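Everything on this sheet refers to the single structure shown next.
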Number of protein chains: 2
Amino acid sequence: MGSGEHKDCHEVIMPVRDALDVINGKWKLPIIIAISRGHKRFRDIERNIPKITSKVLSKELKDLEAHKLLKRSVYDSQPVTVEYTLTPYAATLNPVIEALYTWGSQHRKTIFGSQDQD
Amino acid sequence: MGSGEHKDCHEVIMPVRDALDVINGKWKLPIIIAISRGHKRFRDIERNIPKITSKVLSKELKDLEAHKLLKRSVYDSQPVTVEYTLTPYAATLNPVIEALYTWGSQHRKTIFGSQDQD
DNA sequence: CAGTATCCTAAACGATACTG
DNA sequence: CAGTATCGTTTAGGATACTG
């Protein structure tokens, strides 16, 4: 009805929020990136993500698994090993990661141009 | 040096984290979207973002302004009006928003296929 | 209209230690 | 190695009320 003026506003916001709900926080995308680069083991992932702790990594891995973005496999080797691998679904996030990577790279240059930053 | 194997992992993670630092949270991108759709006034923005409160909107607007993504203009009219407009820099976020929009739309279909969701 | 002031809860994040 | 336990701090976010 009537003036469909700010209706299309919601149409854009809603899906973006859905996406944000999944990748929210500092860690989820970095974890996906690390695994996509071939780091499958818990300690290996941990070592490759600056500042992350076991506790946070553990929690985030569970979240990502719940969102069907990765799979946890336990191998009955000697000793038992655990591997995290991305699902095909996680690959659909690549355009998001690329857009963020591109923007973040540019942004970093921009802020380094004017002031300091970690 | 030696095995530069997980070095490129950081090269990807860092810019992504920089981007995430800026757009983090549920509200920043929705706010940018609302403003980009022509909603410039505080109440107008507020009305077009489901569930946001004055307090949160106020805080997020300040954050976005600090990141140079939008500009707050006060017009000495009768009564005083305030307008928020995006900076040209905010437009560089469009590919990010589009990627998120596309993925979020697909994701919503995916989860609606299997279970319920808000 | 354009916000601010309080108060509050829940979640994120972090440090350190510990277990099978 | 692959985590969990415990603790504490910080931040995001929400409810409600209020101001110029």
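Residues are named by chain letter and number: chains run A, B, ... in the order of the structure tokens, numbers start at 1 in each chain, and ligands are numbered from 1 in the order shown.
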Chain A contacts on chain C, only C-alpha atoms (C1' of nucleotides), 9 Å, as a short mmCIF file (atom, residue, chain, number, x, y, z; two decimals) with C-alpha atoms (C1' of nucleotides), in the first residue's frame:
data_model
loop_
_atom_site.label_atom_id
_atom_site.label_comp_id
_atom_site.auth_asym_id
_atom_site.auth_seq_id
_atom_site.Cartn_x
_atom_site.Cartn_y
_atom_site.Cartn_z
"C1'" DA C 12 31.73 -10.32 23.29
"C1'" DC C 13 36.16 -10.45 24.45
"C1'" DG C 14 40.36 -11.40 27.22
#
Once you count only C-alpha atoms, which residues of chain B turn out to be within 8 Å of chain A? Could you give them as a ChimeraX atom specification?
/B:6,9-10,12-13,15-21,24-26,29-30,33-34,37,48-49,92-93,95-97,99-105,107-108
In chain A, what's alpha helix (DSSP H) per DSSP? Answer as an mmCIF file with N, CA and C atoms, in the first residue's frame?
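For reference, out17.cif as written:
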data_model
loop_
_atom_site.group_PDB
_atom_site.id
_atom_site.type_symbol
_atom_site.label_atom_id
_atom_site.label_comp_id
_atom_site.auth_asym_id
_atom_site.auth_seq_id
_atom_site.Cartn_x
_atom_site.Cartn_y
_atom_site.Cartn_z
ATOM 1 N N LYS A 7 9.543 1.435 1.714
ATOM 2 C CA LYS A 7 9.395 -0.010 1.773
ATOM 3 C C LYS A 7 10.639 -0.682 1.187
ATOM 4 N N ASP A 8 11.133 -0.154 0.102
ATOM 5 C CA ASP A 8 12.318 -0.766 -0.506
ATOM 6 C C ASP A 8 13.560 -0.564 0.356
ATOM 7 N N CYS A 9 13.442 0.349 1.305
ATOM 8 C CA CYS A 9 14.510 0.532 2.263
ATOM 9 C C CYS A 9 14.660 -0.744 3.092
ATOM 10 N N HIS A 10 13.547 -1.217 3.578
ATOM 11 C CA HIS A 10 13.559 -2.466 4.351
ATOM 12 C C HIS A 10 14.030 -3.640 3.511
ATOM 13 N N GLU A 11 13.616 -3.630 2.266
ATOM 14 C CA GLU A 11 13.981 -4.739 1.377
ATOM 15 C C GLU A 11 15.490 -4.885 1.250
ATOM 16 N N VAL A 12 16.180 -3.784 1.402
ATOM 17 C CA VAL A 12 17.641 -3.848 1.323
ATOM 18 C C VAL A 12 18.227 -4.154 2.702
ATOM 19 N N ILE A 13 17.666 -3.502 3.695
ATOM 20 C CA ILE A 13 18.214 -3.656 5.043
ATOM 21 C C ILE A 13 18.106 -5.087 5.561
ATOM 22 N N MET A 14 16.961 -5.698 5.349
ATOM 23 C CA MET A 14 16.744 -7.030 5.906
ATOM 24 C C MET A 14 17.790 -8.074 5.500
ATOM 25 N N PRO A 15 18.018 -8.246 4.210
ATOM 26 C CA PRO A 15 19.027 -9.241 3.828
ATOM 27 C C PRO A 15 20.423 -8.887 4.338
ATOM 28 N N VAL A 16 20.732 -7.596 4.335
ATOM 29 C CA VAL A 16 22.043 -7.193 4.838
ATOM 30 C C VAL A 16 22.177 -7.565 6.310
ATOM 31 N N ARG A 17 21.095 -7.362 7.036
ATOM 32 C CA ARG A 17 21.140 -7.742 8.449
ATOM 33 C C ARG A 17 21.266 -9.239 8.644
ATOM 34 N N ASP A 18 20.621 -9.982 7.795
ATOM 35 C CA ASP A 18 20.765 -11.439 7.863
ATOM 36 C C ASP A 18 22.220 -11.840 7.658
ATOM 37 N N ALA A 19 22.831 -11.216 6.681
ATOM 38 C CA ALA A 19 24.231 -11.520 6.407
ATOM 39 C C ALA A 19 25.103 -11.116 7.591
ATOM 40 N N LEU A 20 24.833 -9.938 8.104
ATOM 41 C CA LEU A 20 25.595 -9.433 9.238
ATOM 42 C C LEU A 20 25.473 -10.359 10.451
ATOM 43 N N ASP A 21 24.291 -10.897 10.645
ATOM 44 C CA ASP A 21 24.099 -11.796 11.778
ATOM 45 C C ASP A 21 25.049 -12.987 11.731
ATOM 46 N N VAL A 22 25.337 -13.412 10.518
ATOM 47 C CA VAL A 22 26.187 -14.586 10.370
ATOM 48 C C VAL A 22 27.668 -14.262 10.515
ATOM 49 N N ILE A 23 28.082 -13.162 9.913
ATOM 50 C CA ILE A 23 29.521 -12.860 9.915
ATOM 51 C C ILE A 23 29.914 -11.900 11.013
ATOM 52 N N LYS A 28 34.763 -14.324 12.846
ATOM 53 C CA LYS A 28 34.229 -15.353 11.951
ATOM 54 C C LYS A 28 34.873 -15.338 10.573
ATOM 55 N N LEU A 29 34.979 -14.189 9.977
ATOM 56 C CA LEU A 29 35.581 -14.123 8.652
ATOM 57 C C LEU A 29 37.074 -14.459 8.699
ATOM 58 N N PRO A 30 37.803 -13.907 9.652
ATOM 59 C CA PRO A 30 39.201 -14.326 9.772
ATOM 60 C C PRO A 30 39.369 -15.845 9.906
ATOM 61 N N ILE A 31 38.478 -16.474 10.626
ATOM 62 C CA ILE A 31 38.571 -17.925 10.774
ATOM 63 C C ILE A 31 38.329 -18.615 9.429
ATOM 64 N N ILE A 32 37.315 -18.159 8.731
ATOM 65 C CA ILE A 32 37.027 -18.736 7.422
ATOM 66 C C ILE A 32 38.206 -18.540 6.480
ATOM 67 N N ILE A 33 38.797 -17.371 6.539
ATOM 68 C CA ILE A 33 39.956 -17.104 5.694
ATOM 69 C C ILE A 33 41.105 -18.047 6.041
ATOM 70 N N ALA A 34 41.361 -18.188 7.317
ATOM 71 C CA ALA A 34 42.468 -19.050 7.741
ATOM 72 C C ALA A 34 42.253 -20.489 7.275
ATOM 73 N N ILE A 35 41.039 -20.973 7.439
ATOM 74 C CA ILE A 35 40.768 -22.349 7.017
ATOM 75 C C ILE A 35 40.866 -22.469 5.495
ATOM 76 N N SER A 36 40.387 -21.447 4.817
ATOM 77 C CA SER A 36 40.437 -21.498 3.355
ATOM 78 C C SER A 36 41.880 -21.478 2.847
ATOM 79 N N PHE A 42 42.986 -27.088 14.873
ATOM 80 C CA PHE A 42 42.675 -26.068 15.874
ATOM 81 C C PHE A 42 43.871 -25.143 16.169
ATOM 82 N N ARG A 43 44.988 -25.736 16.536
ATOM 83 C CA ARG A 43 46.158 -24.919 16.885
ATOM 84 C C ARG A 43 46.687 -24.163 15.672
ATOM 85 N N ASP A 44 46.535 -24.769 14.538
ATOM 86 C CA ASP A 44 47.023 -24.152 13.321
ATOM 87 C C ASP A 44 46.194 -22.901 12.996
ATOM 88 N N ILE A 45 44.893 -23.048 13.155
ATOM 89 C CA ILE A 45 44.014 -21.902 12.939
ATOM 90 C C ILE A 45 44.327 -20.822 13.972
ATOM 91 N N GLU A 46 44.435 -21.266 15.203
ATOM 92 C CA GLU A 46 44.699 -20.333 16.307
ATOM 93 C C GLU A 46 45.972 -19.525 16.069
ATOM 94 N N ARG A 47 47.001 -20.214 15.613
ATOM 95 C CA ARG A 47 48.290 -19.561 15.393
ATOM 96 C C ARG A 47 48.239 -18.545 14.256
ATOM 97 N N ASN A 48 47.286 -18.744 13.382
ATOM 98 C CA ASN A 48 47.230 -17.888 12.194
ATOM 99 C C ASN A 48 46.253 -16.732 12.295
ATOM 100 N N SER A 54 42.003 -19.542 22.649
ATOM 101 C CA SER A 54 41.370 -20.858 22.502
ATOM 102 C C SER A 54 39.883 -20.775 22.741
ATOM 103 N N LYS A 55 39.546 -20.067 23.774
ATOM 104 C CA LYS A 55 38.138 -20.007 24.151
ATOM 105 C C LYS A 55 37.295 -19.383 23.051
ATOM 106 N N VAL A 56 37.744 -18.268 22.564
ATOM 107 C CA VAL A 56 36.998 -17.579 21.519
ATOM 108 C C VAL A 56 36.966 -18.416 20.240
ATOM 109 N N LEU A 57 38.101 -18.985 19.895
ATOM 110 C CA LEU A 57 38.135 -19.800 18.681
ATOM 111 C C LEU A 57 37.161 -20.958 18.796
ATOM 112 N N SER A 58 37.174 -21.610 19.922
ATOM 113 C CA SER A 58 36.287 -22.744 20.155
ATOM 114 C C SER A 58 34.829 -22.349 19.970
ATOM 115 N N LYS A 59 34.478 -21.235 20.543
ATOM 116 C CA LYS A 59 33.087 -20.782 20.456
ATOM 117 C C LYS A 59 32.699 -20.409 19.020
ATOM 118 N N GLU A 60 33.586 -19.712 18.365
ATOM 119 C CA GLU A 60 33.291 -19.264 17.003
ATOM 120 C C GLU A 60 33.209 -20.445 16.035
ATOM 121 N N LEU A 61 34.052 -21.428 16.251
ATOM 122 C CA LEU A 61 34.001 -22.607 15.381
ATOM 123 C C LEU A 61 32.646 -23.292 15.508
ATOM 124 N N LYS A 62 32.135 -23.331 16.724
ATOM 125 C CA LYS A 62 30.810 -23.929 16.916
ATOM 126 C C LYS A 62 29.721 -23.129 16.211
ATOM 127 N N ASP A 63 29.820 -21.821 16.327
ATOM 128 C CA ASP A 63 28.846 -20.957 15.639
ATOM 129 C C ASP A 63 28.879 -21.201 14.135
ATOM 130 N N LEU A 64 30.084 -21.231 13.587
ATOM 131 C CA LEU A 64 30.228 -21.401 12.149
ATOM 132 C C LEU A 64 29.717 -22.764 11.708
ATOM 133 N N GLU A 65 29.947 -23.751 12.544
ATOM 134 C CA GLU A 65 29.446 -25.091 12.226
ATOM 135 C C GLU A 65 27.909 -25.075 12.245
ATOM 136 N N ALA A 66 27.352 -24.410 13.228
ATOM 137 C CA ALA A 66 25.892 -24.315 13.322
ATOM 138 C C ALA A 66 25.307 -23.612 12.103
ATOM 139 N N PRO A 88 30.939 -26.293 1.025
ATOM 140 C CA PRO A 88 30.759 -25.572 -0.247
ATOM 141 C C PRO A 88 29.981 -24.276 -0.018
ATOM 142 N N TYR A 89 29.098 -24.323 0.943
ATOM 143 C CA TYR A 89 28.303 -23.121 1.228
ATOM 144 C C TYR A 89 29.177 -21.947 1.642
ATOM 145 N N ALA A 90 30.226 -22.237 2.364
ATOM 146 C CA ALA A 90 31.131 -21.172 2.801
ATOM 147 C C ALA A 90 31.741 -20.444 1.605
ATOM 148 N N ALA A 91 31.905 -21.162 0.519
ATOM 149 C CA ALA A 91 32.486 -20.555 -0.675
ATOM 150 C C ALA A 91 31.607 -19.439 -1.224
ATOM 151 N N ASN A 94 32.621 -15.888 -0.581
ATOM 152 C CA ASN A 94 33.809 -15.289 -1.188
ATOM 153 C C ASN A 94 33.621 -13.866 -1.707
ATOM 154 N N PRO A 95 32.527 -13.580 -2.388
ATOM 155 C CA PRO A 95 32.350 -12.194 -2.845
ATOM 156 C C PRO A 95 32.294 -11.205 -1.682
ATOM 157 N N VAL A 96 31.710 -11.633 -0.576
ATOM 158 C CA VAL A 96 31.656 -10.770 0.600
ATOM 159 C C VAL A 96 33.066 -10.525 1.129
ATOM 160 N N ILE A 97 33.824 -11.599 1.252
ATOM 161 C CA ILE A 97 35.188 -11.466 1.751
ATOM 162 C C ILE A 97 36.026 -10.597 0.821
ATOM 163 N N GLU A 98 35.846 -10.800 -0.459
ATOM 164 C CA GLU A 98 36.615 -9.990 -1.409
ATOM 165 C C GLU A 98 36.262 -8.516 -1.331
ATOM 166 N N ALA A 99 34.967 -8.234 -1.224
ATOM 167 C CA ALA A 99 34.551 -6.835 -1.127
ATOM 168 C C ALA A 99 35.116 -6.200 0.141
ATOM 169 N N LEU A 100 35.071 -6.956 1.223
ATOM 170 C CA LEU A 100 35.595 -6.455 2.490
ATOM 171 C C LEU A 100 37.113 -6.281 2.418
ATOM 172 N N TYR A 101 37.759 -7.230 1.767
ATOM 173 C CA TYR A 101 39.208 -7.166 1.623
ATOM 174 C C TYR A 101 39.619 -5.933 0.823
ATOM 175 N N THR A 102 38.928 -5.740 -0.277
ATOM 176 C CA THR A 102 39.230 -4.597 -1.135
ATOM 177 C C THR A 102 38.982 -3.285 -0.403
ATOM 178 N N TRP A 103 37.816 -3.200 0.216
ATOM 179 C CA TRP A 103 37.495 -1.958 0.909
ATOM 180 C C TRP A 103 38.445 -1.725 2.084
ATOM 181 N N GLY A 104 38.703 -2.787 2.830
ATOM 182 C CA GLY A 104 39.585 -2.672 3.994
ATOM 183 C C GLY A 104 40.992 -2.248 3.603
ATOM 184 N N SER A 105 41.468 -2.762 2.481
ATOM 185 C CA SER A 105 42.809 -2.385 2.027
ATOM 186 C C SER A 105 42.864 -0.902 1.698
ATOM 187 N N GLN A 106 41.854 -0.455 0.977
ATOM 188 C CA GLN A 106 41.779 0.962 0.632
ATOM 189 C C GLN A 106 41.632 1.831 1.874
ATOM 190 N N HIS A 107 40.752 1.377 2.752
ATOM 191 C CA HIS A 107 40.487 2.139 3.967
ATOM 192 C C HIS A 107 41.762 2.290 4.800
ATOM 193 N N ARG A 108 42.509 1.214 4.874
ATOM 194 C CA ARG A 108 43.749 1.251 5.639
ATOM 195 C C ARG A 108 44.691 2.318 5.078
ATOM 196 N N LYS A 109 44.771 2.371 3.768
ATOM 197 C CA LYS A 109 45.612 3.409 3.147
ATOM 198 C C LYS A 109 45.087 4.792 3.501
ATOM 199 N N THR A 110 43.773 4.924 3.433
ATOM 200 C CA THR A 110 43.149 6.222 3.721
ATOM 201 C C THR A 110 43.459 6.696 5.138
ATOM 202 N N ILE A 111 43.279 5.811 6.099
ATOM 203 C CA ILE A 111 43.510 6.253 7.469
ATOM 204 C C ILE A 111 44.985 6.393 7.785
ATOM 205 N N PHE A 112 45.831 5.592 7.139
ATOM 206 C CA PHE A 112 47.265 5.763 7.351
ATOM 207 C C PHE A 112 47.716 7.099 6.791
ATOM 208 N N GLY A 113 47.005 7.577 5.785
ATOM 209 C CA GLY A 113 47.345 8.859 5.189
ATOM 210 C C GLY A 113 47.142 10.021 6.134
ATOM 211 N N SER A 114 46.144 9.893 7.010
ATOM 212 C CA SER A 114 45.839 11.021 7.884
ATOM 213 C C SER A 114 46.248 10.831 9.333
#
Residue hits in chain D, query chain B, radius 9 Å, only C-alpha atoms (C1' of nucleotides), as a VMD selection string:
chain D and resid 12 to 14
Please produce an output containing all heavy atoms for each residue in the selection, written as a PDB file, in the first residue's frame.
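Final output, saved to result.pdb:
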ATOM      1  P    DA D  12      30.807  -0.949  21.149  1.00  0.00           P
ATOM      2  OP1  DA D  12      31.272  -0.851  19.760  1.00  0.00           O
ATOM      3  OP2  DA D  12      30.508   0.275  21.938  1.00  0.00           O
ATOM      4  O5'  DA D  12      29.508  -1.883  21.180  1.00  0.00           O
ATOM      5  C5'  DA D  12      29.655  -3.259  20.847  1.00  0.00           C
ATOM      6  C4'  DA D  12      28.302  -3.901  20.784  1.00  0.00           C
ATOM      7  O4'  DA D  12      27.814  -4.142  22.126  1.00  0.00           O
ATOM      8  C3'  DA D  12      27.252  -3.054  20.086  1.00  0.00           C
ATOM      9  O3'  DA D  12      26.488  -3.909  19.246  1.00  0.00           O
ATOM     10  C2'  DA D  12      26.439  -2.469  21.232  1.00  0.00           C
ATOM     11  C1'  DA D  12      26.571  -3.513  22.327  1.00  0.00           C
ATOM     12  N9   DA D  12      26.596  -2.986  23.699  1.00  0.00           N
ATOM     13  C8   DA D  12      27.341  -1.950  24.182  1.00  0.00           C
ATOM     14  N7   DA D  12      27.184  -1.725  25.463  1.00  0.00           N
ATOM     15  C5   DA D  12      26.266  -2.685  25.847  1.00  0.00           C
ATOM     16  C6   DA D  12      25.675  -2.989  27.096  1.00  0.00           C
ATOM     17  N6   DA D  12      25.946  -2.317  28.227  1.00  0.00           N
ATOM     18  N1   DA D  12      24.793  -4.003  27.151  1.00  0.00           N
ATOM     19  C2   DA D  12      24.529  -4.678  26.021  1.00  0.00           C
ATOM     20  N3   DA D  12      25.017  -4.495  24.790  1.00  0.00           N
ATOM     21  C4   DA D  12      25.895  -3.467  24.776  1.00  0.00           C
ATOM     22  P    DG D  13      25.382  -3.361  18.333  1.00  0.00           P
ATOM     23  OP1  DG D  13      25.178  -4.355  17.249  1.00  0.00           O
ATOM     24  OP2  DG D  13      25.656  -1.958  17.988  1.00  0.00           O
ATOM     25  O5'  DG D  13      24.111  -3.419  19.281  1.00  0.00           O
ATOM     26  C5'  DG D  13      23.742  -4.667  19.849  1.00  0.00           C
ATOM     27  C4'  DG D  13      22.732  -4.451  20.953  1.00  0.00           C
ATOM     28  O4'  DG D  13      23.311  -3.739  22.048  1.00  0.00           O
ATOM     29  C3'  DG D  13      21.512  -3.622  20.522  1.00  0.00           C
ATOM     30  O3'  DG D  13      20.409  -4.521  20.496  1.00  0.00           O
ATOM     31  C2'  DG D  13      21.376  -2.559  21.603  1.00  0.00           C
ATOM     32  C1'  DG D  13      22.260  -3.079  22.717  1.00  0.00           C
ATOM     33  N9   DG D  13      22.842  -2.077  23.592  1.00  0.00           N
ATOM     34  C8   DG D  13      23.700  -1.057  23.270  1.00  0.00           C
ATOM     35  N7   DG D  13      24.063  -0.341  24.301  1.00  0.00           N
ATOM     36  C5   DG D  13      23.401  -0.915  25.377  1.00  0.00           C
ATOM     37  C6   DG D  13      23.392  -0.577  26.752  1.00  0.00           C
ATOM     38  O6   DG D  13      24.004   0.324  27.312  1.00  0.00           O
ATOM     39  N1   DG D  13      22.574  -1.428  27.492  1.00  0.00           N
ATOM     40  C2   DG D  13      21.856  -2.485  26.965  1.00  0.00           C
ATOM     41  N2   DG D  13      21.131  -3.197  27.830  1.00  0.00           N
ATOM     42  N3   DG D  13      21.865  -2.819  25.691  1.00  0.00           N
ATOM     43  C4   DG D  13      22.642  -1.996  24.954  1.00  0.00           C
ATOM     44  P    DG D  14      18.997  -4.043  20.008  1.00  0.00           P
ATOM     45  OP1  DG D  14      18.297  -5.211  19.443  1.00  0.00           O
ATOM     46  OP2  DG D  14      19.141  -2.812  19.215  1.00  0.00           O
ATOM     47  O5'  DG D  14      18.281  -3.684  21.395  1.00  0.00           O
ATOM     48  C5'  DG D  14      17.973  -4.755  22.271  1.00  0.00           C
ATOM     49  C4'  DG D  14      17.281  -4.230  23.509  1.00  0.00           C
ATOM     50  O4'  DG D  14      18.194  -3.458  24.308  1.00  0.00           O
ATOM     51  C3'  DG D  14      16.083  -3.315  23.232  1.00  0.00           C
ATOM     52  O3'  DG D  14      14.991  -3.804  24.000  1.00  0.00           O
ATOM     53  C2'  DG D  14      16.555  -1.953  23.703  1.00  0.00           C
ATOM     54  C1'  DG D  14      17.518  -2.320  24.806  1.00  0.00           C
ATOM     55  N9   DG D  14      18.521  -1.304  25.115  1.00  0.00           N
ATOM     56  C8   DG D  14      19.402  -0.702  24.254  1.00  0.00           C
ATOM     57  N7   DG D  14      20.181   0.169  24.828  1.00  0.00           N
ATOM     58  C5   DG D  14      19.788   0.154  26.164  1.00  0.00           C
ATOM     59  C6   DG D  14      20.264   0.885  27.276  1.00  0.00           C
ATOM     60  O6   DG D  14      21.162   1.724  27.310  1.00  0.00           O
ATOM     61  N1   DG D  14      19.589   0.564  28.442  1.00  0.00           N
ATOM     62  C2   DG D  14      18.571  -0.353  28.530  1.00  0.00           C
ATOM     63  N2   DG D  14      18.038  -0.533  29.740  1.00  0.00           N
ATOM     64  N3   DG D  14      18.127  -1.051  27.505  1.00  0.00           N
ATOM     65  C4   DG D  14      18.768  -0.747  26.352  1.00  0.00           C
TER      66       DG D  14
END
If you run DSSP over the backbone, which residues in segment 25-87 of chain B end up strand (DSSP E)? Put them as a list of chain:residue names.
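Put together, the selection reads B:Leu70, B:Lys71, B:Arg72, B:Ser73, B:Val74, B:Tyr75, B:Thr81, B:Val82, B:Glu83, B:Tyr84, B:Thr85, B:Leu86.
The environment of DT19 of chain D within 10 Å, counting only C-alpha atoms (C1' of nucleotides) and disregarding residues fewer than 6 places along the same chain, consists of DG3, DT4 and DA5 of chain C.
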Same residues, all heavy atoms, saved as a PDB file, in the first residue's frame:
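Saved to part-v7.pdb:
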ATOM      1  P    DG C   3      20.423  15.175  16.021  1.00  0.00           P
ATOM      2  OP1  DG C   3      21.637  15.738  16.623  1.00  0.00           O
ATOM      3  OP2  DG C   3      20.391  14.874  14.601  1.00  0.00           O
ATOM      4  O5'  DG C   3      19.996  13.840  16.799  1.00  0.00           O
ATOM      5  C5'  DG C   3      20.712  13.503  17.934  1.00  0.00           C
ATOM      6  C4'  DG C   3      20.121  14.173  19.175  1.00  0.00           C
ATOM      7  O4'  DG C   3      18.710  13.926  19.249  1.00  0.00           O
ATOM      8  C3'  DG C   3      20.670  13.601  20.470  1.00  0.00           C
ATOM      9  O3'  DG C   3      21.861  14.255  20.828  1.00  0.00           O
ATOM     10  C2'  DG C   3      19.556  13.883  21.470  1.00  0.00           C
ATOM     11  C1'  DG C   3      18.319  14.149  20.585  1.00  0.00           C
ATOM     12  N9   DG C   3      17.217  13.231  20.910  1.00  0.00           N
ATOM     13  C8   DG C   3      16.640  12.305  20.064  1.00  0.00           C
ATOM     14  N7   DG C   3      15.657  11.645  20.618  1.00  0.00           N
ATOM     15  C5   DG C   3      15.574  12.157  21.906  1.00  0.00           C
ATOM     16  C6   DG C   3      14.698  11.829  22.977  1.00  0.00           C
ATOM     17  O6   DG C   3      13.787  10.981  22.985  1.00  0.00           O
ATOM     18  N1   DG C   3      14.955  12.571  24.104  1.00  0.00           N
ATOM     19  C2   DG C   3      15.944  13.521  24.197  1.00  0.00           C
ATOM     20  N2   DG C   3      16.063  14.135  25.364  1.00  0.00           N
ATOM     21  N3   DG C   3      16.765  13.850  23.216  1.00  0.00           N
ATOM     22  C4   DG C   3      16.530  13.133  22.098  1.00  0.00           C
ATOM     23  P    DT C   4      22.954  13.458  21.655  1.00  0.00           P
ATOM     24  OP1  DT C   4      24.249  14.130  21.393  1.00  0.00           O
ATOM     25  OP2  DT C   4      22.793  12.030  21.392  1.00  0.00           O
ATOM     26  O5'  DT C   4      22.578  13.667  23.205  1.00  0.00           O
ATOM     27  C5'  DT C   4      21.936  14.840  23.616  1.00  0.00           C
ATOM     28  C4'  DT C   4      21.550  14.705  25.083  1.00  0.00           C
ATOM     29  O4'  DT C   4      20.222  14.112  25.188  1.00  0.00           O
ATOM     30  C3'  DT C   4      22.464  13.838  25.956  1.00  0.00           C
ATOM     31  O3'  DT C   4      22.624  14.511  27.205  1.00  0.00           O
ATOM     32  C2'  DT C   4      21.694  12.521  26.092  1.00  0.00           C
ATOM     33  C1'  DT C   4      20.253  12.975  26.023  1.00  0.00           C
ATOM     34  N1   DT C   4      19.323  11.984  25.430  1.00  0.00           N
ATOM     35  C2   DT C   4      18.273  11.520  26.183  1.00  0.00           C
ATOM     36  O2   DT C   4      18.054  11.871  27.330  1.00  0.00           O
ATOM     37  N3   DT C   4      17.448  10.625  25.535  1.00  0.00           N
ATOM     38  C4   DT C   4      17.574  10.156  24.232  1.00  0.00           C
ATOM     39  O4   DT C   4      16.774   9.364  23.766  1.00  0.00           O
ATOM     40  C5   DT C   4      18.709  10.690  23.507  1.00  0.00           C
ATOM     41  C7   DT C   4      18.954  10.258  22.098  1.00  0.00           C
ATOM     42  C6   DT C   4      19.514  11.558  24.134  1.00  0.00           C
ATOM     43  P    DA C   5      23.511  13.860  28.352  1.00  0.00           P
ATOM     44  OP1  DA C   5      24.044  14.987  29.159  1.00  0.00           O
ATOM     45  OP2  DA C   5      24.451  12.874  27.782  1.00  0.00           O
ATOM     46  O5'  DA C   5      22.415  13.067  29.229  1.00  0.00           O
ATOM     47  C5'  DA C   5      21.250  13.728  29.707  1.00  0.00           C
ATOM     48  C4'  DA C   5      20.630  12.901  30.828  1.00  0.00           C
ATOM     49  O4'  DA C   5      19.651  11.974  30.295  1.00  0.00           O
ATOM     50  C3'  DA C   5      21.636  12.059  31.618  1.00  0.00           C
ATOM     51  O3'  DA C   5      21.225  12.053  32.980  1.00  0.00           O
ATOM     52  C2'  DA C   5      21.494  10.679  30.983  1.00  0.00           C
ATOM     53  C1'  DA C   5      20.023  10.636  30.614  1.00  0.00           C
ATOM     54  N9   DA C   5      19.718   9.829  29.431  1.00  0.00           N
ATOM     55  C8   DA C   5      20.361   9.854  28.226  1.00  0.00           C
ATOM     56  N7   DA C   5      19.865   9.051  27.323  1.00  0.00           N
ATOM     57  C5   DA C   5      18.805   8.451  27.979  1.00  0.00           C
ATOM     58  C6   DA C   5      17.851   7.488  27.571  1.00  0.00           C
ATOM     59  N6   DA C   5      17.836   6.959  26.344  1.00  0.00           N
ATOM     60  N1   DA C   5      16.915   7.092  28.468  1.00  0.00           N
ATOM     61  C2   DA C   5      16.941   7.639  29.692  1.00  0.00           C
ATOM     62  N3   DA C   5      17.790   8.550  30.193  1.00  0.00           N
ATOM     63  C4   DA C   5      18.696   8.917  29.273  1.00  0.00           C
TER      64       DA C   5
END
If you measure from atom CA of Thr87 of chain B to atom CA of Lys71 of chain B, what distance in Å do you get, rounded to one decimal?
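Straight-line distance from atom CA of Thr87 of chain B to atom CA of Lys71 of chain B works out to 6.5 Å.
The space separating atom C1' of DA5 of chain D from atom C1' of DC18 of chain C comes to 7.5 Å.
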Please compute the atom CA of Tyr75 of chain A-atom CA of Arg41 of chain A distance, one decimal, in Å.
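For atom CA of Tyr75 of chain A relative to atom CA of Arg41 of chain A, the distance reads 11.5 Å.
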Using only C-alpha atoms (C1' of nucleotides), which protein or nucleic acid residues come within 12 Å of DC7 of chain D? Drop anything in the same chain fewer than 3 positions from it, and give the result as a CSV table (one decimal) with N, CA and C atoms (P, O5', C5', C4', C3', O3' and C1' of nucleotides), in the first residue's frame.
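Contents of part.csv, as written:
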chain,number,residue,atom,x,y,z
C,14,DG,P,39.7,-9.8,22.2
C,14,DG,O5',40.1,-10.1,23.7
C,14,DG,C5',40.2,-9.0,24.6
C,14,DG,C4',40.8,-9.5,25.9
C,14,DG,C3',41.9,-10.5,25.7
C,14,DG,O3',43.0,-10.0,26.6
C,14,DG,C1',40.4,-11.4,27.2
C,15,DA,P,44.4,-10.8,26.6
C,15,DA,O5',44.3,-11.5,28.1
C,15,DA,C5',44.0,-10.7,29.2
C,15,DA,C4',44.4,-11.5,30.5
C,15,DA,C3',45.6,-12.4,30.3
C,15,DA,O3',46.4,-12.3,31.5
C,15,DA,C1',43.8,-13.8,30.8
C,16,DT,P,47.8,-13.1,31.6
C,16,DT,O5',47.3,-14.4,32.4
C,16,DT,C5',46.4,-14.3,33.5
C,16,DT,C4',46.0,-15.7,33.9
C,16,DT,C3',47.1,-16.8,33.7
C,16,DT,O3',47.4,-17.3,35.0
C,16,DT,C1',45.0,-17.6,32.9
C,17,DA,P,48.5,-18.5,35.2
C,17,DA,O5',47.7,-19.8,35.4
C,17,DA,C5',46.5,-19.7,36.2
C,17,DA,C4',45.6,-20.9,35.9
C,17,DA,C3',46.4,-22.2,35.9
C,17,DA,O3',45.9,-23.1,37.0
C,17,DA,C1',44.8,-22.1,34.1
